[in-house]
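K.L.:
You'll find coords36.pdb just under this line, and it carries PDB, C-alpha atoms.
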ATOM      1  CA  MET D   1       0.000   0.000   0.000
ATOM      2  CA  TRP D   2       2.766   2.440   0.929
ATOM      3  CA  PHE D   3       4.445   1.817  -2.416
ATOM      4  CA  LYS D   4       1.312   2.682  -4.418
ATOM      5  CA  THR D   5       0.829   5.846  -2.359
ATOM      6  CA  ALA D   6       4.446   6.837  -2.911
ATOM      7  CA  ILE D   7       4.132   6.435  -6.679
ATOM      8  CA  ILE D   8       0.979   8.600  -6.767
ATOM      9  CA  PHE D   9       2.639  11.374  -4.781
ATOM     10  CA  TYR D  10       5.855  11.062  -6.732
ATOM     11  CA  ARG D  11       4.127  11.536 -10.083
ATOM     12  CA  GLY D  12       2.196  14.518  -8.809
ATOM     13  CA  VAL D  13       5.160  16.319  -7.295
ATOM     14  CA  ALA D  14       7.406  15.572 -10.269
ATOM     15  CA  MET D  15       5.240  17.980 -12.291
ATOM     16  CA  GLY D  16       6.320  20.852 -10.023
ATOM     17  CA  ARG D  17       9.676  22.336  -9.184
ATOM     18  CA  LYS D  18      10.633  20.177  -6.205
ATOM     19  CA  LEU D  19      11.377  16.473  -6.435
ATOM     20  CA  PHE D  20       9.267  14.190  -4.263
ATOM     21  CA  CYS D  21      12.327  13.008  -2.347
ATOM     22  CA  ASP D  22      13.233  16.625  -1.464
ATOM     23  CA  ILE D  23       9.935  17.556   0.207
ATOM     24  CA  SER D  24      10.747  16.162   3.644
ATOM     25  CA  PRO D  25      12.733  13.420   5.437
ATOM     26  CA  THR D  26       9.626  11.224   5.243
ATOM     27  CA  THR D  27       9.267  11.531   1.476
ATOM     28  CA  TYR D  28      12.983  10.875   1.128
ATOM     29  CA  LYS D  29      12.621   7.593   3.070
ATOM     30  CA  ILE D  30       9.666   6.643   0.864
ATOM     31  CA  SER D  31      11.756   7.340  -2.241
ATOM     32  CA  VAL D  32      14.585   5.176  -0.915
ATOM     33  CA  LYS D  33      12.149   2.314  -0.214
ATOM     34  CA  LYS D  34      10.793   2.687  -3.721
ATOM     35  CA  GLU D  35      14.293   2.384  -5.187
ATOM     36  CA  ILE D  36      15.022  -0.679  -3.029
ATOM     37  CA  PHE D  37      11.785  -2.284  -4.198
ATOM     38  CA  LEU D  38      12.643  -1.563  -7.827
ATOM     39  CA  ARG D  39      16.068  -3.142  -7.360
ATOM     40  CA  TYR D  40      14.471  -6.307  -5.937
ATOM     41  CA  LEU D  41      12.087  -6.324  -8.877
ATOM     42  CA  LYS D  42      14.867  -5.836 -11.410
ATOM     43  CA  ASP D  43      17.000  -8.589  -9.885
ATOM     44  CA  PHE D  44      14.051 -10.965  -9.743
ATOM     45  CA  PHE D  45      13.496 -10.763 -13.501
ATOM     46  CA  SER D  46      17.164 -10.459 -14.423
ATOM     47  CA  LEU D  47      18.990 -13.271 -16.201
ATOM     48  CA  GLU D  48      22.232 -12.112 -14.616
ATOM     49  CA  LYS D  49      23.988 -14.909 -12.729
ATOM     50  CA  ILE D  50      25.325 -13.608  -9.421
ATOM     51  CA  ALA D  51      28.486 -15.170  -7.960
ATOM     52  CA  LYS D  52      27.826 -17.064  -4.724
ATOM     53  CA  GLU D  53      30.377 -19.868  -4.363
ATOM     54  CA  LYS D  54      33.297 -19.439  -1.971
ATOM     55  CA  SER D  55      36.457 -21.466  -1.492
ATOM     56  CA  ASN D  56      39.039 -21.635   1.285
ATOM     57  CA  GLU D  57      41.631 -22.642  -1.307
ATOM     58  CA  GLU D  58      43.384 -19.673  -2.880
ATOM     59  CA  LEU D  59      43.749 -19.550  -6.644
ATOM     60  CA  PRO D  60      47.469 -19.636  -7.563
ATOM     61  CA  ASN D  61      47.989 -16.397  -9.511
ATOM     62  CA  ILE D  62      47.820 -12.908  -7.982
ATOM     63  CA  VAL D  63      46.401 -10.481 -10.544
ATOM     64  CA  LYS D  64      46.586  -7.467  -8.219
ATOM     65  CA  SER D  65      47.063  -6.839  -4.508
ATOM     66  CA  HIS D  66      46.424  -3.684  -2.515
ATOM     67  CA  THR D  67      46.212  -2.353   1.042
ATOM     68  CA  SER D  68      44.421   0.657   2.527
ATOM     69  CA  ILE D  69      44.609   2.222   5.982
ATOM     70  CA  LEU D  70      41.466   1.586   8.006
ATOM     71  CA  VAL D  71      41.424   4.363  10.607
ATOM     72  CA  ARG D  72      42.204   7.858   9.376
ATOM     73  CA  LYS D  73      41.877  11.157  11.195
ATOM     74  CA  LEU D  74      39.231  12.848   9.065
ATOM     75  CA  HIS D  75      38.679  16.545   9.659
ATOM     76  CA  GLY D  76      35.430  17.117  11.577
ATOM     77  CA  VAL D  77      34.594  13.412  11.946
ATOM     78  CA  ASP D  78      34.246  11.577  15.274
ATOM     79  CA  ILE D  79      37.106   9.056  15.457
ATOM     80  CA  LYS D  80      34.683   6.566  17.043
ATOM     81  CA  LEU D  81      32.870   6.273  13.716
ATOM     82  CA  GLN D  82      36.172   5.390  12.072
ATOM     83  CA  GLU D  83      36.847   2.745  14.710
ATOM     84  CA  ASN D  84      33.348   1.306  14.283
ATOM     85  CA  LYS D  85      34.033   1.064  10.573
ATOM     86  CA  VAL D  86      36.613  -1.612  11.336
ATOM     87  CA  THR D  87      33.876  -3.798  12.852
ATOM     88  CA  ASN D  88      31.738  -3.381   9.736
ATOM     89  CA  ILE D  89      34.686  -4.142   7.462
ATOM     90  CA  LYS D  90      35.450  -7.324   9.424
ATOM     91  CA  ILE D  91      31.891  -8.563   8.872
ATOM     92  CA  ALA D  92      32.139  -7.742   5.161
ATOM     93  CA  CYS D  93      35.463  -9.608   4.951
ATOM     94  CA  ASP D  94      33.781 -12.747   6.300
ATOM     95  CA  LYS D  95      31.083 -12.426   3.627
ATOM     96  CA  ILE D  96      33.406 -11.715   0.694
ATOM     97  CA  ASN D  97      36.712 -13.471   1.363
ATOM     98  CA  GLY D  98      37.268 -16.419  -0.960
ATOM     99  CA  ILE D  99      34.363 -15.730  -3.303
ATOM    100  CA  LEU D 100      34.768 -17.229  -6.768
ATOM    101  CA  ILE D 101      33.493 -15.465  -9.867
ATOM    102  CA  TYR D 102      33.186 -17.870 -12.773
ATOM    103  CA  PRO D 103      33.177 -16.787 -16.448
ATOM    104  CA  LYS D 104      29.965 -14.873 -17.273
ATOM    105  CA  GLU D 105      29.091 -14.492 -13.573
ATOM    106  CA  THR D 106      28.572 -11.094 -11.933
ATOM    107  CA  PHE D 107      29.826 -10.017  -8.525
ATOM    108  CA  SER D 108      27.338  -7.888  -6.589
ATOM    109  CA  PHE D 109      28.539  -6.080  -3.472
ATOM    110  CA  TRP D 110      25.154  -6.106  -1.737
ATOM    111  CA  LYS D 111      24.163  -9.593  -2.857
ATOM    112  CA  THR D 112      27.354 -10.776  -1.187
ATOM    113  CA  VAL D 113      27.463  -8.602   1.948
ATOM    114  CA  GLY D 114      23.735  -8.509   2.653
ATOM    115  CA  ASN D 115      21.708  -5.866   4.461
ATOM    116  CA  PRO D 116      24.027  -3.904   6.825
ATOM    117  CA  THR D 117      21.622  -3.602   9.773
ATOM    118  CA  HIS D 118      22.199  -3.647  13.517
ATOM    119  CA  GLU D 119      20.327  -6.957  13.594
ATOM    120  CA  ASN D 120      22.976  -8.409  11.265
ATOM    121  CA  GLY D 121      25.801  -7.293  13.555
ATOM    122  CA  PHE D 122      26.775  -4.035  11.883
ATOM    123  CA  VAL D 123      27.421  -0.946  14.016
ATOM    124  CA  ASP D 124      27.146   2.785  13.411
ATOM    125  CA  GLY D 125      29.895   4.155  11.205
ATOM    126  CA  LEU D 126      30.304   7.185   8.970
ATOM    127  CA  VAL D 127      27.627   7.365   6.277
ATOM    128  CA  ILE D 128      27.697   9.911   3.447
ATOM    129  CA  GLY D 129      24.170  11.043   2.615
ATOM    130  CA  ARG D 130      22.411  13.695   0.603
ATOM    131  CA  ASP D 131      22.556  16.139   3.509
ATOM    132  CA  GLY D 132      26.146  15.476   4.560
ATOM    133  CA  PHE D 133      27.630  13.010   7.022
ATOM    134  CA  TYR D 134      25.842  11.066   9.722
ATOM    135  CA  ALA D 135      26.188   7.927  11.837
ATOM    136  CA  GLY D 136      24.422   4.871  10.432
ATOM    137  CA  ALA D 137      24.523   1.087  10.551
ATOM    138  CA  GLY D 138      27.148  -0.314   8.220
ATOM    139  CA  GLY D 139      28.893   3.019   7.786
ATOM    140  CA  GLY D 140      32.340   2.776   6.213
ATOM    141  CA  LEU D 141      31.626  -0.112   3.845
ATOM    142  CA  CYS D 142      32.482   2.160   0.910
ATOM    143  CA  GLN D 143      36.126   1.431   1.727
ATOM    144  CA  MET D 144      35.547  -2.246   1.000
ATOM    145  CA  ALA D 145      33.803  -1.412  -2.285
ATOM    146  CA  ASN D 146      36.709   0.926  -3.128
ATOM    147  CA  MET D 147      39.177  -1.878  -2.509
ATOM    148  CA  ILE D 148      37.361  -4.286  -4.822
ATOM    149  CA  HIS D 149      36.933  -1.644  -7.524
ATOM    150  CA  TYR D 150      40.645  -0.824  -7.469
ATOM    151  CA  LEU D 151      41.515  -4.507  -7.886
ATOM    152  CA  VAL D 152      39.059  -4.811 -10.774
ATOM    153  CA  LEU D 153      40.450  -1.709 -12.517
ATOM    154  CA  ASN D 154      43.769  -3.526 -12.611
ATOM    155  CA  SER D 155      42.304  -6.465 -14.496
ATOM    156  CA  PRO D 156      40.354  -7.271 -17.685
ATOM    157  CA  LEU D 157      37.109  -7.709 -15.719
ATOM    158  CA  MET D 158      34.220  -5.446 -16.765
ATOM    159  CA  VAL D 159      32.603  -3.020 -14.319
ATOM    160  CA  THR D 160      28.824  -3.091 -14.858
ATOM    161  CA  GLU D 161      27.623  -0.810 -12.053
ATOM    162  CA  LEU D 162      29.540   2.052 -10.498
ATOM    163  CA  HIS D 163      28.491   5.182  -8.571
ATOM    164  CA  HIS D 164      31.225   7.765  -8.153
ATOM    165  CA  HIS D 165      31.393  10.174  -5.223
ATOM    166  CA  SER D 166      30.840  13.471  -7.033
ATOM    167  CA  ASP D 167      32.553  15.699  -4.433
ATOM    168  CA  ALA D 168      35.941  15.904  -2.726
ATOM    169  CA  LEU D 169      34.767  15.055   0.781
ATOM    170  CA  PHE D 170      38.022  14.954   2.765
ATOM    171  CA  PRO D 171      41.611  16.122   2.343
ATOM    172  CA  ASP D 172      44.186  13.472   1.482
ATOM    173  CA  GLU D 173      45.613  11.510   4.355
ATOM    174  CA  ARG D 174      48.150   8.946   3.157
ATOM    175  CA  ARG D 175      46.246   8.318  -0.070
ATOM    176  CA  ARG D 176      47.663   5.453  -2.129
ATOM    177  CA  VAL D 177      45.463   5.496  -5.231
ATOM    178  CA  PRO D 178      44.521   8.180  -7.793
ATOM    179  CA  PHE D 179      41.804  10.530  -6.573
ATOM    180  CA  GLY D 180      38.253   9.642  -7.561
ATOM    181  CA  THR D 181      38.812   5.945  -8.212
ATOM    182  CA  GLY D 182      36.444   4.906  -5.430
ATOM    183  CA  THR D 183      32.760   4.059  -5.552
ATOM    184  CA  SER D 184      29.693   4.806  -3.470
ATOM    185  CA  VAL D 185      27.408   2.028  -2.195
ATOM    186  CA  ARG D 186      24.071   2.210  -0.383
ATOM    187  CA  TYR D 187      21.863  -0.772   0.328
ATOM    188  CA  ASN D 188      20.670  -2.032  -1.989
ATOM    189  CA  ASN D 189      19.904   0.162  -4.982
ATOM    190  CA  VAL D 190      23.341   1.800  -5.124
ATOM    191  CA  ASP D 191      25.417  -1.304  -5.784
ATOM    192  CA  TYR D 192      28.878  -2.085  -7.097
ATOM    193  CA  ARG D 193      29.004  -4.858  -9.693
ATOM    194  CA  PHE D 194      31.462  -6.321 -12.154
ATOM    195  CA  LYS D 195      31.234  -9.199 -14.636
ATOM    196  CA  ASN D 196      33.825 -11.851 -15.326
ATOM    197  CA  THR D 197      34.191 -11.520 -19.093
ATOM    198  CA  THR D 198      37.320 -13.690 -19.186
ATOM    199  CA  ASP D 199      37.610 -17.406 -19.838
ATOM    200  CA  GLN D 200      38.832 -18.352 -16.357
ATOM    201  CA  VAL D 201      37.564 -18.204 -12.787
ATOM    202  CA  VAL D 202      38.762 -15.345 -10.563
ATOM    203  CA  GLN D 203      38.706 -14.963  -6.792
ATOM    204  CA  ILE D 204      38.595 -12.094  -4.304
ATOM    205  CA  LEU D 205      40.470 -12.320  -1.012
ATOM    206  CA  VAL D 206      40.021  -9.618   1.646
ATOM    207  CA  TRP D 207      41.275  -9.511   5.219
ATOM    208  CA  ILE D 208      42.435  -7.133   7.966
ATOM    209  CA  GLN D 209      46.057  -7.053   9.090
ATOM    210  CA  ASP D 210      48.070  -4.508  11.113
ATOM    211  CA  GLY D 211      45.388  -1.823  10.887
ATOM    212  CA  GLU D 212      44.965  -2.148   7.143
ATOM    213  CA  LEU D 213      42.381  -3.613   4.806
ATOM    214  CA  CYS D 214      44.198  -6.030   2.499
ATOM    215  CA  GLY D 215      42.865  -7.336  -0.783
ATOM    216  CA  GLU D 216      43.890  -9.596  -3.623
ATOM    217  CA  LEU D 217      42.350 -10.479  -6.956
ATOM    218  CA  ARG D 218      43.464 -13.959  -7.994
ATOM    219  CA  SER D 219      43.110 -16.161 -11.055
ATOM    220  CA  MET D 220      44.140 -19.639 -12.198
ATOM    221  CA  GLN D 221      46.612 -18.306 -14.770
ATOM    222  CA  LYS D 222      48.208 -14.983 -15.659
ATOM    223  CA  PHE D 223      46.288 -12.721 -18.011
ATOM    224  CA  PRO D 224      48.137 -11.562 -21.152
ATOM    225  CA  TYR D 225      48.087  -7.930 -20.055
ATOM    226  CA  ARG D 226      48.859  -5.999 -16.892
ATOM    227  CA  TYR D 227      47.371  -2.652 -15.931
ATOM    228  CA  LYS D 228      48.494   0.606 -14.354
ATOM    229  CA  LEU D 229      46.501   3.629 -13.173
ATOM    230  CA  VAL D 230      48.014   7.100 -13.449
ATOM    231  CA  GLU D 231      46.660  10.499 -12.428
ATOM    232  CA  GLU D 232      47.684  13.526 -14.482
ATOM    233  CA  ASP D 233      47.313  17.309 -14.248
ATOM    234  CA  HIS D 234      46.151  17.229 -10.644
ATOM    235  CA  HIS D 235      45.358  20.660  -9.183
ATOM    236  CA  TYR D 236      42.741  22.782  -7.417
ATOM    237  CA  LYS D 237      40.934  25.709  -9.004
ATOM    238  CA  LYS D 238      38.612  28.345  -7.561
ATOM    239  CA  GLU D 239      35.336  28.783  -9.429
ATOM    240  CA  GLY D 240      33.069  31.412  -7.888
ATOM    241  CA  ASN D 241      33.086  30.833  -4.141
ATOM    242  CA  ASP D 242      34.043  27.174  -4.390
ATOM    243  CA  TYR D 243      37.210  25.239  -5.015
ATOM    244  CA  TYR D 244      37.318  22.216  -7.303
ATOM    245  CA  ARG D 245      39.713  19.315  -7.374
ATOM    246  CA  ILE D 246      40.660  18.614 -10.980
ATOM    247  CA  SER D 247      42.609  15.801 -12.607
ATOM    248  CA  LYS D 248      42.459  13.068 -15.202
ATOM    249  CA  VAL D 249      42.909   9.390 -14.399
ATOM    250  CA  TYR D 250      44.109   7.017 -17.118
ATOM    251  CA  ARG D 251      44.352   3.253 -17.260
ATOM    252  CA  ILE D 252      47.382   1.969 -19.130
ATOM    253  CA  ILE D 253      47.253  -1.543 -20.600
ATOM    254  CA  ILE D 254      50.658  -3.204 -20.986
ATOM    255  CA  ASP D 255      51.530  -6.384 -22.876
ATOM    256  CA  ARG D 256      52.971  -8.780 -20.335
ATOM    257  CA  LYS D 257      55.377 -10.470 -22.785
ATOM    258  CA  THR D 258      56.838  -7.401 -24.505
ATOM    259  CA  ASN D 259      56.270  -4.902 -21.675
ATOM    260  CA  LYS D 260      54.986  -2.458 -24.302
ATOM    261  CA  GLU D 261      52.082  -0.079 -23.755
ATOM    262  CA  ILE D 262      49.087  -1.287 -25.758
ATOM    263  CA  LYS D 263      46.513   1.297 -24.801
ATOM    264  CA  LYS D 264      46.035   4.365 -22.617
ATOM    265  CA  GLU D 265      42.389   5.091 -21.841
ATOM    266  CA  LEU D 266      40.792   7.932 -19.896
ATOM    267  CA  ILE D 267      38.629   6.411 -17.159
ATOM    268  CA  LEU D 268      37.916   9.463 -15.018
ATOM    269  CA  ASN D 269      37.799  13.219 -15.585
ATOM    270  CA  ASN D 270      37.700  14.678 -12.086
ATOM    271  CA  HIS D 271      35.984  18.000 -11.445
ATOM    272  CA  SER D 272      34.937  17.623  -7.813
ATOM    273  CA  CYS D 273      33.736  20.353  -5.491
ATOM    274  CA  VAL D 274      35.838  20.581  -2.320
ATOM    275  CA  MET D 275      33.452  20.091   0.611
ATOM    276  CA  TYR D 276      35.980  20.456   3.424
ATOM    277  CA  ASP D 277      37.652  23.557   4.912
ATOM    278  CA  HIS D 278      39.378  25.354   2.045
ATOM    279  CA  SER D 279      42.290  26.274   4.317
ATOM    280  CA  LEU D 280      43.296  22.589   4.210
ATOM    281  CA  ILE D 281      43.948  22.734   0.456
ATOM    282  CA  PRO D 282      47.729  22.757  -0.206
ATOM    283  CA  SER D 283      48.472  26.258  -1.530
ATOM    284  CA  SER D 284      51.112  24.855  -3.898
ATOM    285  CA  GLU D 285      48.412  22.854  -5.706
ATOM    286  CA  ILE D 286      46.033  25.771  -6.385
ATOM    287  CA  ARG D 287      46.088  27.048  -9.970
ATOM    288  CA  ASN D 288      43.943  30.058 -10.784
ATOM    289  CA  ASP D 289      45.748  31.081 -13.952
ATOM    290  CA  LEU D 290      43.962  28.516 -16.131
TER     291      LEU D 290
END
Could you render the structure as structure tokens?

P.N.:
Amino acid sequence: MWFKTAIIFYRGVAMGRKLFCDISPTTYKISVKKEIFLRYLKDFFSLEKIAKEKSNEELPNIVKSHTSILVRKLHGVDIKLQENKVTNIKIACDKINGILIYPKETFSFWKTVGNPTHENGFVDGLVIGRDGFYAGAGGGLCQMANMIHYLVLNSPLMVTELHHHSDALFPDERRRVPFGTGTSVRYNNVDYRFKNTTDQVVQILVWIQDGELCGELRSMQKFPYRYKLVEEDHHYKKEGNDYYRISKVYRIIIDRKTNKEIKKELILNNHSCVMYDHSLIPSSEIRNDL
């Protein structure tokens, strides 16, 4: 009943200036429930085969490995939310570690992790919402999705669903990857998915060690190419009253046998509004003469 009511209101308000989801917190929650319902509906009728099988045996070849620091001191963010994130990441590791993705199968972040509720053991971490930051169950799981996406970018696997963070939310603190190469996830309609378009099974391993999230993408045999991500022309620029973080991220494909560059493709053209205190922007990286 609530869904039918939401659709009626949504159609009516859509004719005006304000979106239905922007009327009030209640209409926003209704809109979110509508999107979740539509995702369930879409998945129900989809012919997409979602990866489910896991194995304790590690595939022999490491395609790509990576680590990321779990607890960072983020400006204006309660450190407790960062610490709680570790608990949420541990639960996600148990769900994901060892999963096998066979040829033509699709990995779905939320189909694998499940609903991040308090009832399922998740605790309040930092959640990025439409109105800023807040504490919510499962907060911090974006870091896990970021890890998997980075591994996939360094492989021939095909990303089929990706939701970029559109803004520069925090200043760098020991960043190890090009800016903007992360992904946003929100249960369950904002998912992260990739498809195994190769001819061999691949495996994701994730675990926590020495305060870091560790990840590996593995395969049975080496792929013919290796991959490298590079960020170019990184700078900040003031536009009106706001600053924007600007750069281009390329993926370079290299032939494994000859070590020659086969292709250089633009995968991200960053133009992200800086949402944190502008005084934290390194002055040496501001370019207003462009």

K.L.:
List the spatial neighbours of Ile50 of chain D as number ranges by chain - criterion: any atom at most 8 Å away, all atoms listed in the file, same-chain residues fewer than 5 positions off excluded.

P.N.:
D: 105-108, 111

K.L.:
Within 9 Å of Arg186 of chain D, counting all atoms listed in the file, which residues show up once you throw out same-chain ones fewer than 3 positions away? Write them as a JSON list (two decimals) with C-alpha atoms, in the coordinates of the input, please.

P.N.:
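The new file selection_11.json reads:
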[["chain", "number", "residue", "atom", "x", "y", "z"],
["D", 110, "TRP", "CA", 25.15, -6.11, -1.74],
["D", 141, "LEU", "CA", 31.63, -0.11, 3.84],
["D", 142, "CYS", "CA", 32.48, 2.16, 0.91],
["D", 189, "ASN", "CA", 19.90, 0.16, -4.98],
["D", 190, "VAL", "CA", 23.34, 1.80, -5.12],
["D", 191, "ASP", "CA", 25.42, -1.30, -5.78]]

K.L.:
Which residue is closest to Gly138 of chain D? Choose from D:Asn88, D:Lys104, D:Ile96, D:Asn120 and count all atoms listed in the file.

P.N.:
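The shortest atom-to-atom distance to Gly138 of chain D comes from D:Asn88.
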
K.L.:
Could you tell me which residues the PyMOL selection byres ((chain D and resi 151) around 8) grabs in this file, written as a PDB file with C-alpha atoms, in the frame of the given file?

P.N.:
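Result written to out_2.pdb:
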ATOM      1  CA  LYS D  64      46.586  -7.467  -8.219  1.00  0.00           C
ATOM      2  CA  SER D  65      47.063  -6.839  -4.508  1.00  0.00           C
ATOM      3  CA  HIS D  66      46.424  -3.684  -2.515  1.00  0.00           C
ATOM      4  CA  MET D 147      39.177  -1.878  -2.509  1.00  0.00           C
ATOM      5  CA  ILE D 148      37.361  -4.286  -4.822  1.00  0.00           C
ATOM      6  CA  HIS D 149      36.933  -1.644  -7.524  1.00  0.00           C
ATOM      7  CA  TYR D 150      40.645  -0.824  -7.469  1.00  0.00           C
ATOM      8  CA  VAL D 152      39.059  -4.811 -10.774  1.00  0.00           C
ATOM      9  CA  LEU D 153      40.450  -1.709 -12.517  1.00  0.00           C
ATOM     10  CA  ASN D 154      43.769  -3.526 -12.611  1.00  0.00           C
ATOM     11  CA  SER D 155      42.304  -6.465 -14.496  1.00  0.00           C
ATOM     12  CA  GLY D 215      42.865  -7.336  -0.783  1.00  0.00           C
ATOM     13  CA  GLU D 216      43.890  -9.596  -3.623  1.00  0.00           C
ATOM     14  CA  LEU D 217      42.350 -10.479  -6.956  1.00  0.00           C
TER      15      LEU D 217
END

K.L.:
Decode the PyMOL selection byres ((chain D and resi 214) around 10) for the given file into explicit residues and return them as a list in words.

P.N.:
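In the shown coordinates, the PyMOL selection byres ((chain D and resi 214) around 10) covers Ser65, His66, Thr67, Ser68, Ile69, Leu70, Cys93, Met144, Met147, Leu205, Val206, Trp207, Ile208, Gln209, Asp210, Gly211, Glu212, Leu213, Gly215 and Glu216 of chain D.
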